[in-house]
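Listing of upload.cif, mmCIF, C-alpha atoms and all ligand atoms
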data_structure
#
loop_
_atom_site.label_atom_id
_atom_site.label_comp_id
_atom_site.auth_asym_id
_atom_site.auth_seq_id
_atom_site.Cartn_x
_atom_site.Cartn_y
_atom_site.Cartn_z
CA MET A 1 57.71 -110.40 24.34
CA ASN A 2 54.41 -109.40 25.87
CA GLN A 3 53.85 -105.73 25.11
CA ASN A 4 51.02 -105.63 27.64
CA ILE A 5 53.34 -106.25 30.56
CA THR A 6 55.65 -103.65 32.04
CA VAL A 7 58.00 -104.51 34.89
CA LEU A 8 58.87 -101.57 37.15
CA LYS A 9 61.66 -101.19 39.64
CA PHE A 10 61.75 -98.41 42.22
CA GLY A 11 65.01 -97.42 43.86
CA GLY A 12 65.55 -96.60 47.52
CA THR A 13 64.97 -92.85 47.33
CA SER A 14 61.68 -93.52 45.50
CA LEU A 15 60.57 -95.50 48.57
CA ALA A 16 62.24 -93.60 51.36
CA ASP A 17 59.04 -92.61 53.18
CA ALA A 18 55.24 -92.60 53.01
CA SER A 19 55.03 -89.63 50.63
CA GLN A 20 57.35 -91.42 48.21
CA PHE A 21 55.17 -94.54 48.49
CA ARG A 22 52.20 -92.43 47.39
CA LYS A 23 54.07 -91.19 44.32
CA VAL A 24 54.99 -94.76 43.44
CA CYS A 25 51.38 -95.86 43.79
CA ASP A 26 50.22 -93.06 41.46
CA ILE A 27 52.81 -94.11 38.89
CA VAL A 28 51.88 -97.79 39.05
CA VAL A 29 48.13 -97.29 38.71
CA ALA A 30 48.51 -94.75 35.91
CA ASP A 31 49.19 -97.50 33.38
CA GLU A 32 47.33 -100.83 33.13
CA LYS A 33 50.44 -102.55 31.83
CA ARG A 34 52.44 -101.88 35.00
CA LYS A 35 51.96 -105.27 36.58
CA TYR A 36 55.12 -106.37 38.38
CA VAL A 37 56.79 -103.99 40.79
CA ILE A 38 60.28 -104.58 42.16
CA VAL A 39 61.29 -102.59 45.23
CA SER A 40 64.56 -101.59 46.86
CA ALA A 41 64.87 -100.98 50.59
CA PRO A 42 64.01 -97.46 51.84
CA GLY A 43 66.82 -95.10 50.90
CA LYS A 44 67.90 -91.69 52.11
CA ARG A 45 65.14 -89.20 52.92
CA PHE A 46 67.51 -86.25 53.06
CA SER A 47 71.22 -85.75 52.66
CA GLY A 48 72.99 -87.19 55.68
CA ASP A 49 70.28 -89.81 56.22
CA THR A 50 71.21 -93.53 56.21
CA LYS A 51 69.79 -96.10 53.79
CA VAL A 52 68.06 -99.05 55.46
CA THR A 53 70.50 -101.47 53.77
CA ASP A 54 73.38 -99.63 55.41
CA LEU A 55 71.57 -99.74 58.78
CA LEU A 56 71.20 -103.50 58.32
CA ILE A 57 74.91 -103.83 57.59
CA ARG A 58 75.62 -101.79 60.71
CA CYS A 59 73.35 -104.11 62.63
CA TYR A 60 75.19 -107.19 61.32
CA ASN A 61 78.55 -105.69 62.28
CA ALA A 62 77.42 -104.55 65.74
CA GLN A 63 79.81 -105.73 68.45
CA THR A 64 77.31 -105.90 71.28
CA ASP A 65 73.68 -106.99 71.59
CA GLU A 66 72.89 -103.50 72.77
CA ASP A 67 74.34 -101.88 69.63
CA ARG A 68 72.56 -104.42 67.45
CA LYS A 69 69.26 -103.70 69.13
CA ALA A 70 69.80 -99.96 68.78
CA SER A 71 70.38 -100.26 65.00
CA PHE A 72 67.45 -102.60 64.66
CA ASP A 73 65.14 -100.23 66.51
CA VAL A 74 65.96 -97.44 64.06
CA ILE A 75 65.07 -99.75 61.16
CA LYS A 76 61.85 -100.86 62.83
CA GLU A 77 60.86 -97.26 63.42
CA ARG A 78 61.23 -96.43 59.72
CA TYR A 79 58.90 -99.22 58.59
CA LEU A 80 56.37 -98.61 61.35
CA GLU A 81 56.23 -94.96 60.38
CA ILE A 82 55.52 -95.75 56.73
CA GLU A 83 52.89 -98.31 57.71
CA ALA A 84 51.16 -95.88 60.08
CA GLU A 85 51.28 -92.89 57.71
CA LEU A 86 49.78 -94.92 54.89
CA GLY A 87 47.08 -96.29 57.23
CA LEU A 88 48.10 -99.87 56.51
CA SER A 89 47.69 -102.76 58.88
CA CYS A 90 49.96 -105.46 57.53
CA ASP A 91 51.62 -106.25 60.84
CA ILE A 92 55.02 -105.13 59.67
CA GLY A 93 56.13 -104.87 63.32
CA CYS A 94 55.43 -108.57 63.73
CA GLU A 95 57.50 -109.40 60.62
CA ILE A 96 60.34 -107.31 62.00
CA ASP A 97 60.18 -109.07 65.34
CA LYS A 98 60.43 -112.43 63.57
CA ILE A 99 63.54 -111.22 61.75
CA SER A 100 64.95 -109.96 65.01
CA GLU A 101 64.57 -113.43 66.51
CA VAL A 102 66.38 -115.02 63.57
CA VAL A 103 69.17 -112.45 63.95
CA ALA A 104 69.47 -113.12 67.68
CA GLY A 105 69.88 -116.83 66.92
CA GLY A 106 72.62 -116.09 64.38
CA CYS A 107 72.03 -115.45 60.69
CA THR A 108 74.02 -114.90 57.53
CA TYR A 109 75.06 -111.49 56.28
CA SER A 110 73.05 -111.95 53.08
CA TYR A 111 69.91 -112.84 54.99
CA LEU A 112 70.06 -109.73 57.13
CA VAL A 113 70.94 -107.21 54.39
CA SER A 114 68.20 -108.55 52.14
CA ARG A 115 65.47 -107.87 54.72
CA GLY A 116 65.22 -104.20 53.73
CA GLU A 117 63.74 -105.17 50.37
CA TYR A 118 61.67 -107.98 51.86
CA LEU A 119 59.90 -105.69 54.34
CA ASN A 120 59.43 -102.90 51.84
CA ALA A 121 57.80 -105.28 49.36
CA ILE A 122 55.32 -106.41 52.03
CA LEU A 123 54.35 -102.80 52.68
CA MET A 124 54.12 -101.87 49.00
CA ALA A 125 52.07 -104.97 48.14
CA ALA A 126 49.60 -104.05 50.88
CA PHE A 127 49.44 -100.43 49.74
CA LEU A 128 48.84 -101.31 46.09
CA GLY A 129 46.61 -104.29 46.87
CA TYR A 130 48.93 -106.51 44.79
CA ASP A 131 50.24 -109.99 45.67
CA PHE A 132 53.51 -110.21 47.55
CA VAL A 133 55.78 -112.72 45.81
CA ASP A 134 59.05 -113.45 47.58
CA ALA A 135 62.19 -113.25 45.42
CA ALA A 136 63.35 -116.36 47.31
CA ASP A 137 60.70 -118.30 45.35
CA LEU A 138 61.76 -116.88 41.99
CA ILE A 139 65.52 -116.32 41.77
CA PHE A 140 68.02 -119.15 42.17
CA PHE A 141 71.80 -119.11 42.43
CA ASP A 142 74.20 -122.01 42.06
CA ASP A 143 76.79 -122.92 44.70
CA ASN A 144 79.19 -120.36 43.22
CA GLY A 145 76.65 -117.58 43.61
CA VAL A 146 75.98 -117.37 39.86
CA MET A 147 72.33 -117.01 38.95
CA ASP A 148 70.90 -120.24 37.55
CA GLU A 149 69.05 -119.01 34.46
CA GLY A 150 67.74 -122.47 33.56
CA LYS A 151 65.84 -122.65 36.84
CA THR A 152 65.09 -118.96 37.43
CA TYR A 153 63.39 -117.93 34.19
CA PRO A 154 60.93 -120.84 33.92
CA THR A 155 60.08 -120.47 37.61
CA ILE A 156 59.35 -116.76 37.19
CA ARG A 157 57.12 -117.47 34.21
CA LYS A 158 55.21 -120.20 36.00
CA ARG A 159 54.86 -118.49 39.37
CA LEU A 160 53.88 -115.07 38.01
CA ALA A 161 51.31 -116.62 35.68
CA ALA A 162 49.35 -117.18 38.90
CA SER A 163 49.64 -113.52 39.99
CA GLU A 164 48.30 -110.95 37.61
CA ARG A 165 49.87 -108.13 39.63
CA ALA A 166 52.60 -108.49 42.21
CA VAL A 167 55.27 -106.73 44.24
CA ILE A 168 58.61 -108.51 44.45
CA PRO A 169 61.54 -107.58 46.69
CA GLY A 170 64.73 -106.73 44.78
CA PHE A 171 68.34 -107.64 45.50
CA TYR A 172 68.22 -111.32 46.46
CA GLY A 173 67.37 -114.93 45.68
CA VAL A 174 68.35 -118.30 47.15
CA LEU A 175 71.28 -120.69 46.99
CA PRO A 176 70.73 -124.42 46.40
CA ASP A 177 70.61 -125.02 50.18
CA GLY A 178 67.74 -122.53 50.49
CA SER A 179 69.77 -119.79 52.18
CA ILE A 180 69.52 -116.21 50.95
CA ASN A 181 72.08 -114.84 48.51
CA THR A 182 72.23 -111.24 47.28
CA PHE A 183 73.29 -109.63 44.05
CA PRO A 184 76.00 -106.93 44.40
CA ARG A 185 75.05 -103.57 45.95
CA GLY A 186 72.47 -101.80 43.82
CA GLY A 187 71.30 -105.25 42.76
CA SER A 188 67.56 -104.53 42.76
CA ASP A 189 68.20 -103.16 39.28
CA ILE A 190 69.32 -106.66 38.31
CA THR A 191 66.24 -108.22 39.91
CA GLY A 192 64.04 -105.97 37.76
CA SER A 193 65.90 -107.06 34.67
CA VAL A 194 65.70 -110.75 35.62
CA ILE A 195 61.95 -110.54 36.26
CA ALA A 196 61.41 -108.66 32.97
CA ARG A 197 63.39 -111.35 31.14
CA GLY A 198 61.61 -114.20 32.95
CA ILE A 199 58.11 -112.88 32.26
CA GLU A 200 59.18 -111.68 28.78
CA ALA A 201 57.88 -108.18 29.48
CA GLY A 202 57.61 -105.59 26.72
CA LEU A 203 59.30 -102.93 28.86
CA TYR A 204 61.40 -102.58 32.00
CA GLU A 205 60.89 -99.20 33.69
CA ASN A 206 63.58 -98.29 36.17
CA TRP A 207 62.34 -95.46 38.41
CA THR A 208 64.97 -93.49 40.26
CA ASP A 209 65.72 -89.96 41.48
CA VAL A 210 67.29 -88.54 38.31
CA SER A 211 65.64 -87.81 34.99
CA GLY A 212 67.75 -90.25 33.03
CA PHE A 213 71.29 -90.87 32.03
CA LEU A 214 73.26 -87.68 31.83
CA MET A 215 75.81 -87.14 29.08
CA THR A 216 78.51 -86.92 31.70
CA ASP A 217 79.21 -86.60 35.41
CA PRO A 218 77.13 -83.67 36.75
CA ARG A 219 79.70 -83.07 39.49
CA ILE A 220 82.02 -81.90 36.72
CA ILE A 221 79.43 -80.54 34.28
CA PRO A 222 76.44 -79.32 36.29
CA GLU A 223 74.50 -78.50 33.10
CA ALA A 224 75.08 -81.95 31.53
CA LYS A 225 72.19 -82.83 29.23
CA CYS A 226 70.11 -85.96 29.51
CA ILE A 227 70.55 -88.71 26.90
CA ASP A 228 67.24 -89.59 25.19
CA ILE A 229 68.26 -92.89 23.66
CA LEU A 230 71.13 -95.16 24.52
CA THR A 231 71.98 -98.60 23.13
CA TYR A 232 72.88 -101.51 25.40
CA ARG A 233 76.45 -101.38 24.12
CA GLU A 234 76.78 -97.66 24.76
CA LEU A 235 75.36 -98.19 28.24
CA ARG A 236 77.94 -100.87 28.89
CA GLU A 237 80.78 -98.56 27.81
CA LEU A 238 79.49 -95.65 29.88
CA SER A 239 78.75 -97.72 32.99
CA TYR A 240 82.08 -99.49 32.83
CA MET A 241 83.84 -96.16 32.73
CA GLY A 242 81.99 -94.73 35.67
CA SER A 243 78.41 -93.59 34.95
CA SER A 244 76.35 -95.01 37.76
CA VAL A 245 72.61 -94.66 37.21
CA LEU A 246 72.14 -98.42 36.81
CA GLN A 247 73.97 -101.33 38.43
CA GLU A 248 76.34 -102.39 35.65
CA ASP A 249 75.12 -106.01 35.31
CA THR A 250 71.52 -104.90 34.81
CA VAL A 251 71.64 -104.97 31.06
CA PHE A 252 72.49 -108.66 30.56
CA PRO A 253 69.11 -110.36 31.29
CA VAL A 254 66.98 -107.92 29.25
CA LYS A 255 69.52 -107.89 26.43
CA GLN A 256 68.76 -111.55 25.70
CA LEU A 257 65.31 -110.59 24.43
CA GLY A 258 65.94 -106.97 23.49
CA ILE A 259 63.60 -105.63 26.20
CA PRO A 260 64.04 -101.83 26.45
CA ILE A 261 64.92 -100.25 29.80
CA HIS A 262 63.32 -96.88 30.44
CA ILE A 263 65.01 -94.79 33.14
CA ARG A 264 62.41 -92.51 34.74
CA ASN A 265 62.30 -90.03 37.60
CA THR A 266 59.79 -90.79 40.39
CA ASN A 267 59.95 -87.14 41.44
CA ASP A 268 59.38 -85.78 37.92
CA VAL A 269 57.03 -88.04 36.01
CA ASN A 270 56.85 -85.65 33.09
CA ALA A 271 60.56 -85.87 32.36
CA LYS A 272 61.24 -87.94 29.26
CA GLY A 273 63.93 -90.10 30.85
CA THR A 274 66.39 -92.26 28.94
CA MET A 275 65.37 -95.20 26.78
CA ILE A 276 67.96 -97.98 26.58
CA VAL A 277 67.44 -100.20 23.55
CA ALA A 278 69.11 -102.98 21.58
CA ASP A 279 69.72 -100.80 18.57
CA ALA A 280 69.01 -97.25 17.51
CA PRO A 281 69.68 -95.30 14.35
CA PRO A 282 72.41 -92.69 14.61
CA ALA A 283 71.00 -89.32 15.61
CA ASN A 284 72.27 -86.68 13.23
CA ASP A 285 72.13 -83.80 15.63
CA HIS A 286 74.91 -84.87 17.97
CA PRO A 287 78.03 -86.89 17.19
CA ILE A 288 78.52 -88.45 20.62
CA THR A 289 76.20 -90.06 23.14
CA GLY A 290 78.14 -89.55 26.34
CA LEU A 291 81.44 -89.09 28.09
CA ALA A 292 82.61 -91.10 31.06
CA GLY A 293 85.90 -91.62 32.76
CA ARG A 294 87.87 -92.64 35.77
CA LYS A 295 91.13 -91.89 37.48
CA GLY A 296 93.36 -94.54 38.97
CA PHE A 297 95.04 -96.20 35.99
CA SER A 298 98.68 -97.08 35.40
CA VAL A 299 100.57 -97.54 32.15
CA LEU A 300 103.60 -99.67 31.41
CA LEU A 301 105.30 -98.49 28.21
CA ILE A 302 107.67 -100.87 26.45
CA GLU A 303 109.88 -100.04 23.46
CA LYS A 304 111.89 -102.51 21.41
CA MET A 305 113.24 -102.07 17.93
CA LEU A 306 111.62 -104.46 15.44
CA MET A 307 108.97 -105.45 17.99
CA ASN A 308 106.53 -105.84 15.11
CA ASN A 309 108.59 -108.72 13.66
CA GLN A 310 108.73 -110.73 16.85
CA ILE A 311 105.92 -113.21 16.86
CA GLY A 312 104.58 -113.79 20.36
CA PHE A 313 106.16 -110.69 21.94
CA MET A 314 102.85 -109.20 23.07
CA ARG A 315 101.65 -112.54 24.35
CA LYS A 316 104.74 -112.88 26.51
CA ILE A 317 104.19 -109.43 28.02
CA LEU A 318 100.49 -110.02 28.62
CA SER A 319 101.10 -113.43 30.17
CA LEU A 320 103.18 -111.71 32.86
CA PHE A 321 100.13 -109.63 33.77
CA GLU A 322 98.02 -112.76 33.77
CA LYS A 323 100.50 -114.51 36.04
CA HIS A 324 100.13 -111.69 38.57
CA ASN A 325 96.35 -111.71 38.21
CA ILE A 326 96.20 -108.16 36.86
CA SER A 327 93.38 -107.42 34.45
CA VAL A 328 94.57 -105.44 31.43
CA GLU A 329 92.24 -102.67 30.23
CA HIS A 330 93.84 -101.51 26.98
CA VAL A 331 96.93 -102.24 24.92
CA PRO A 332 97.58 -99.37 22.52
CA THR A 333 100.54 -100.17 20.28
CA GLY A 334 102.96 -98.51 17.85
CA ILE A 335 105.36 -100.27 15.49
CA ASP A 336 108.06 -100.69 18.10
CA THR A 337 106.11 -99.78 21.23
CA MET A 338 103.30 -101.15 23.28
CA SER A 339 101.56 -99.72 26.34
CA VAL A 340 99.72 -101.84 28.84
CA VAL A 341 96.99 -99.99 30.72
CA PHE A 342 95.58 -101.42 33.95
CA GLU A 343 93.82 -100.30 37.09
CA SER A 344 96.43 -99.21 39.62
CA ALA A 345 94.52 -100.73 42.54
CA THR A 346 94.75 -104.21 41.01
CA ALA A 347 98.56 -104.31 41.05
CA THR A 348 100.89 -104.28 44.05
CA PRO A 349 104.27 -102.52 43.77
CA GLU A 350 105.87 -106.00 44.16
CA ALA A 351 103.92 -107.34 41.18
CA ILE A 352 104.89 -104.36 39.01
CA GLY A 353 108.52 -104.74 40.10
CA ALA A 354 108.45 -108.45 39.23
CA ILE A 355 106.89 -107.80 35.82
CA ILE A 356 109.46 -105.14 34.94
CA ALA A 357 112.31 -107.39 36.10
CA SER A 358 111.04 -110.31 33.97
CA ILE A 359 110.70 -108.08 30.90
CA ASN A 360 114.22 -106.71 31.32
CA ARG A 361 115.66 -110.13 31.92
CA ASP A 362 113.86 -112.24 29.31
CA LEU A 363 112.76 -109.89 26.56
CA LYS A 364 115.74 -107.58 26.12
CA VAL A 365 113.71 -104.45 25.53
CA ASP A 366 115.23 -101.05 24.65
CA TYR A 367 113.20 -98.96 27.04
CA ILE A 368 110.58 -99.44 29.68
CA SER A 369 108.73 -96.88 31.77
CA TYR A 370 105.94 -97.01 34.27
CA SER A 371 103.50 -94.21 35.10
CA GLU A 372 100.74 -94.00 37.65
CA ASN A 373 98.03 -91.38 38.09
CA VAL A 374 96.57 -91.76 34.63
CA ALA A 375 92.91 -90.97 33.97
CA LEU A 376 90.98 -92.50 31.10
CA VAL A 377 88.15 -90.66 29.40
CA ALA A 378 85.82 -92.55 27.07
CA VAL A 379 84.00 -90.66 24.35
CA VAL A 380 81.10 -92.98 23.53
CA GLY A 381 78.67 -92.85 20.65
CA ARG A 382 77.14 -95.04 17.97
CA ASN A 383 77.17 -91.95 15.76
CA MET A 384 80.94 -91.93 15.54
CA ALA A 385 81.12 -94.98 13.28
CA ASN A 386 81.84 -94.15 9.66
CA ARG A 387 82.08 -90.47 10.45
CA SER A 388 85.36 -88.73 9.98
CA GLY A 389 86.90 -86.07 12.14
CA THR A 390 85.79 -87.01 15.67
CA ALA A 391 89.19 -88.22 16.87
CA GLY A 392 90.81 -85.32 15.03
CA SER A 393 88.70 -82.72 16.78
CA ILE A 394 89.30 -84.35 20.17
CA LEU A 395 93.05 -84.19 19.67
CA THR A 396 92.99 -80.64 18.34
CA GLN A 397 90.86 -79.34 21.16
CA LEU A 398 92.88 -81.01 23.91
CA GLY A 399 96.09 -79.90 22.21
CA LYS A 400 94.92 -76.29 22.15
CA ALA A 401 94.19 -76.48 25.87
CA GLY A 402 97.71 -77.77 26.54
CA ILE A 403 96.54 -81.20 27.70
CA ASN A 404 99.08 -83.87 26.99
CA ILE A 405 97.51 -87.05 25.63
CA LEU A 406 99.30 -90.04 27.10
CA LEU A 407 97.50 -92.61 25.03
CA LEU A 408 94.67 -92.98 22.59
CA ALA A 409 92.66 -96.09 21.76
CA GLN A 410 89.78 -96.71 19.42
CA PRO A 411 88.37 -100.18 18.77
CA SER A 412 87.45 -100.76 15.15
CA ASN A 413 83.72 -100.81 15.89
CA GLU A 414 84.26 -97.07 16.50
CA LEU A 415 81.83 -97.07 19.41
CA ASN A 416 84.28 -95.29 21.65
CA ILE A 417 87.51 -93.37 21.70
CA ILE A 418 89.57 -93.68 24.86
CA VAL A 419 91.92 -90.87 25.78
CA GLY A 420 94.48 -91.24 28.56
CA VAL A 421 95.57 -88.06 30.34
CA GLU A 422 97.34 -87.20 33.57
CA ALA A 423 94.88 -87.58 36.45
CA ASN A 424 95.13 -83.89 37.37
CA HIS A 425 93.83 -83.05 33.87
CA TYR A 426 90.82 -85.34 34.19
CA GLU A 427 88.10 -82.80 35.02
CA LYS A 428 89.44 -80.28 32.51
CA THR A 429 89.46 -82.94 29.79
CA ILE A 430 85.81 -83.79 30.46
CA ARG A 431 84.89 -80.10 30.36
CA ILE A 432 86.70 -79.48 27.08
CA LEU A 433 85.22 -82.53 25.39
CA TYR A 434 81.73 -81.81 26.68
CA ASP A 435 81.89 -78.28 25.29
CA LEU A 436 83.35 -79.54 22.02
CA PHE A 437 80.35 -81.78 21.37
CA ASN A 438 77.67 -79.50 22.79
CA ASP A 439 78.16 -76.28 20.94
N1 LIG B 501 69.31 -101.98 48.89
C1 LIG B 501 70.43 -102.53 48.18
C2 LIG B 501 71.56 -101.53 48.17
O1 LIG B 501 71.47 -100.48 48.82
C3 LIG B 501 70.05 -102.99 46.81
C4 LIG B 501 69.44 -101.92 45.94
O2 LIG B 501 68.98 -100.91 46.39
O3 LIG B 501 69.41 -102.11 44.74
O4 LIG B 501 72.57 -101.78 47.56
#
Show the structure stored in the file as structure tokens.
Ligand code: ASP
Amino acid sequence: MNQNITVLKFGGTSLADASQFRKVCDIVVADEKRKYVIVSAPGKRFSGDTKVTDLLIRCYNAQTDEDRKASFDVIKERYLEIEAELGLSCDIGCEIDKISEVVAGGCTYSYLVSRGEYLNAILMAAFLGYDFVDAADLIFFDDNGVMDEGKTYPTIRKRLAASERAVIPGFYGVLPDGSINTFPRGGSDITGSVIARGIEAGLYENWTDVSGFLMTDPRIIPEAKCIDILTYRELRELSYMGSSVLQEDTVFPVKQLGIPIHIRNTNDVNAKGTMIVADAPPANDHPITGLAGRKGFSVLLIEKMLMNNQIGFMRKILSLFEKHNISVEHVPTGIDTMSVVFESATATPEAIGAIIASINRDLKVDYISYSENVALVAVVGRNMANRSGTAGSILTQLGKAGINILLLAQPSNELNIIVGVEANHYEKTIRILYDLFND
């Protein structure tokens, strides 16, 4: 890894208008190592505003030429305003007109939604005096839309060797036929990670509008503290269960080389932020790293005497879920019971009915029940391993509050403890567990 190179990514709110562009410029020039800047499209300037990417989607979906033009004019206005306020003359209007012609002739969805990043990168490159390097020349997907690492990483290394400092649009790359393909929404985070991996940067700074990863959802716990250090695996657990500071696939490219991700706040440069690293020693002062959760799970409970002696019983149950294309999240078991936990939205009532009928018919079980409206809460922390009492205190505290625990799962790496509760107890569970670990 090259410790003298930092890759930075700025999210949409960090680039929403000219004053945000100025903050970004100050951040970039404040450190020599900040050489490659990835940008999102302009985001919301105030609550109720619309992100440029959403305006582009609206434009694509417009039913009439008139509506399309109206949406496009709003987009054009936003870029022209930034260009004028920053005193730039990079002919952004001309670029927009070219895009407008392509759109009028018929274009793909991916092409149009990616233009927010493309235009913003042109403006930012001009403002910083850096090269503009198009992501279409750096990031390659195969025909299935999977990023081609074998082609992408060497190309990034070679192409960026010729540009000491550059601005690169986030969110997209190209398919083998040369047409644009995007990552999922929020995908500029992934672009930053891919560029950091390709150039083998020492650090990937992800600049956003919050001062790091909070211990839990601030809508439930407004005073939630910021996490200083998070490991990749903890991040994965927290993001999977609902924390949303980073797009959830962001971690994979940087993880290959162990490049740290530093979450920083564009609007509060003095805030410490959250450092996401390959490994970190347990911190003695707090037993858990974070709490995340989601509603919308269902549980199928199956009981059968001597289930533990029947080889293949679990496989038969799980293969029914596979047959109906339902992804299973957890399978907590007892001696004669097993529960299958899955996301309710992934299973139709017909599929559930068919699974229950097959189990009753072929597996002669003693009891079967199905519940919806289950919430899962994950207590995540590398500090929990080899430390006794965490699960015990969770159960005691929830018990005291009268919260019925529907299921409990803890993988043997002890990185997380998953508690299943009724969905209407979700917020209360988060509050109780947050207070338990933040006394
Ligand atoms: N602009 C895209 C979106 O809104 C990609 C990104 O910001 O990361 O999803």
Here is a test: counting only C-alpha atoms and all ligand atoms, which residue of A:Leu433, A:Val340, A:Leu246, A:Cys226 is nearest to ligand LIG 501 (chain B)?
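Of all the options, A:Leu246 lies closest to ligand LIG 501 (chain B).
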Between A:Leu119, A:Leu407, A:Ile92, A:Ile359, which one has atoms that come closest to ligand LIG 501 (chain B), using all atoms listed in the file?
A:Leu119
When you count all atoms listed in the file, which of these residues is closest to A:Ala345: A:Asn61, A:Ser327, A:Gly105, A:Ser358?
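Selected residue with least distance to A:Ala345: A:Ser327.
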Can I get the residues close to ligand LIG 501 (chain B) as a PDB file with C-alpha atoms, in the coordinates of the input, where close means within 7 Å and we count only C-alpha atoms and all ligand atoms?
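This is the output file part.pdb:
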ATOM      1  CA  GLY A  11      65.010 -97.420  43.860  1.00  0.00           C
ATOM      2  CA  GLY A  12      65.550 -96.600  47.520  1.00  0.00           C
ATOM      3  CA  SER A  40      64.560-101.590  46.860  1.00  0.00           C
ATOM      4  CA  ALA A  41      64.870-100.980  50.590  1.00  0.00           C
ATOM      5  CA  LYS A  51      69.790 -96.100  53.790  1.00  0.00           C
ATOM      6  CA  THR A  53      70.500-101.470  53.770  1.00  0.00           C
ATOM      7  CA  ASP A  54      73.380 -99.630  55.410  1.00  0.00           C
ATOM      8  CA  GLY A 116      65.220-104.200  53.730  1.00  0.00           C
ATOM      9  CA  GLU A 117      63.740-105.170  50.370  1.00  0.00           C
ATOM     10  CA  GLY A 170      64.730-106.730  44.780  1.00  0.00           C
ATOM     11  CA  PHE A 171      68.340-107.640  45.500  1.00  0.00           C
ATOM     12  CA  PRO A 184      76.000-106.930  44.400  1.00  0.00           C
ATOM     13  CA  ARG A 185      75.050-103.570  45.950  1.00  0.00           C
ATOM     14  CA  GLY A 186      72.470-101.800  43.820  1.00  0.00           C
ATOM     15  CA  GLY A 187      71.300-105.250  42.760  1.00  0.00           C
ATOM     16  CA  SER A 188      67.560-104.530  42.760  1.00  0.00           C
ATOM     17  CA  ASP A 189      68.200-103.160  39.280  1.00  0.00           C
TER      18      ASP A 189
END
Quick one: residues within 10 Å of A:Lys323, only C-alpha atoms counted, chain neighbours fewer than 4 positions away excluded, as a list in words?
Leu318, Ser319, Ala351 and Ile355 of chain A
Go ahead and dump the residues you just picked, C-alpha atoms, as a CSV table (one decimal), in the frame of the given file.
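Listed below is the output, selection-v2.csv:
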chain,number,residue,atom,x,y,z
A,318,LEU,CA,100.5,-110.0,28.6
A,319,SER,CA,101.1,-113.4,30.2
A,351,ALA,CA,103.9,-107.3,41.2
A,355,ILE,CA,106.9,-107.8,35.8
Please identify all polymer residues lying at most 12 Å from the point (69.6, -86.9, 24.9) (file coordinates), using all atoms listed in the file, and present the result as number ranges by chain.
A: 211-216, 224-230, 271-276, 283-290, 381, 438
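With all atoms listed in the file as the atoms that count, the residue of A:Val52, A:Leu86, A:Met1, A:Leu238 with the shortest distance to A:Ile259 is A:Met1.
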Could you name the residues that touch A:Asp217 at 8 Å or less, counting all atoms listed in the file, but leaving out those on the same chain fewer than 4 positions away, as a ChimeraX atom specification?
/A:221-222,224,243,292
Give as JSON, numbers by chain each residue that has an atom at most 10 Å from (75.5, -95.1, 12.6) in the file, counting all atoms listed in the file.
{"A": [280, 281, 282, 283, 284, 287, 381, 382, 383, 384, 385, 386, 387, 414, 415]}
Minimum-distance residue to A:Asn4, chosen among A:Asp31, A:Glu101, A:Asp134, A:Glu81 (using only C-alpha atoms):
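Looking only at the distances to A:Asn4, the closest residue turns out to be A:Asp31.
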Interatomic distance between atom CA of A:Glu205 and atom CA of A:Leu8?
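Separating atom CA of A:Glu205 from atom CA of A:Leu8 is a distance of 4.7 Å.
Going from atom CA of A:Leu56 over to atom CA of A:Val103, you cover 10.8 Å.
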Do you know which residues are at most 7 Å from A:Phe141 counting only C-alpha atoms, after dropping those on the same chain fewer than 4 positions away, and could you put them as a list of chain:residue names?
A:Gly145, A:Val146, A:Met147, A:Asp148, A:Gly173, A:Val174, A:Leu175, A:Pro176
How far is it from atom CA of A:Phe127 to atom CA of A:Leu160, in Å with one decimal?
19.3 Å
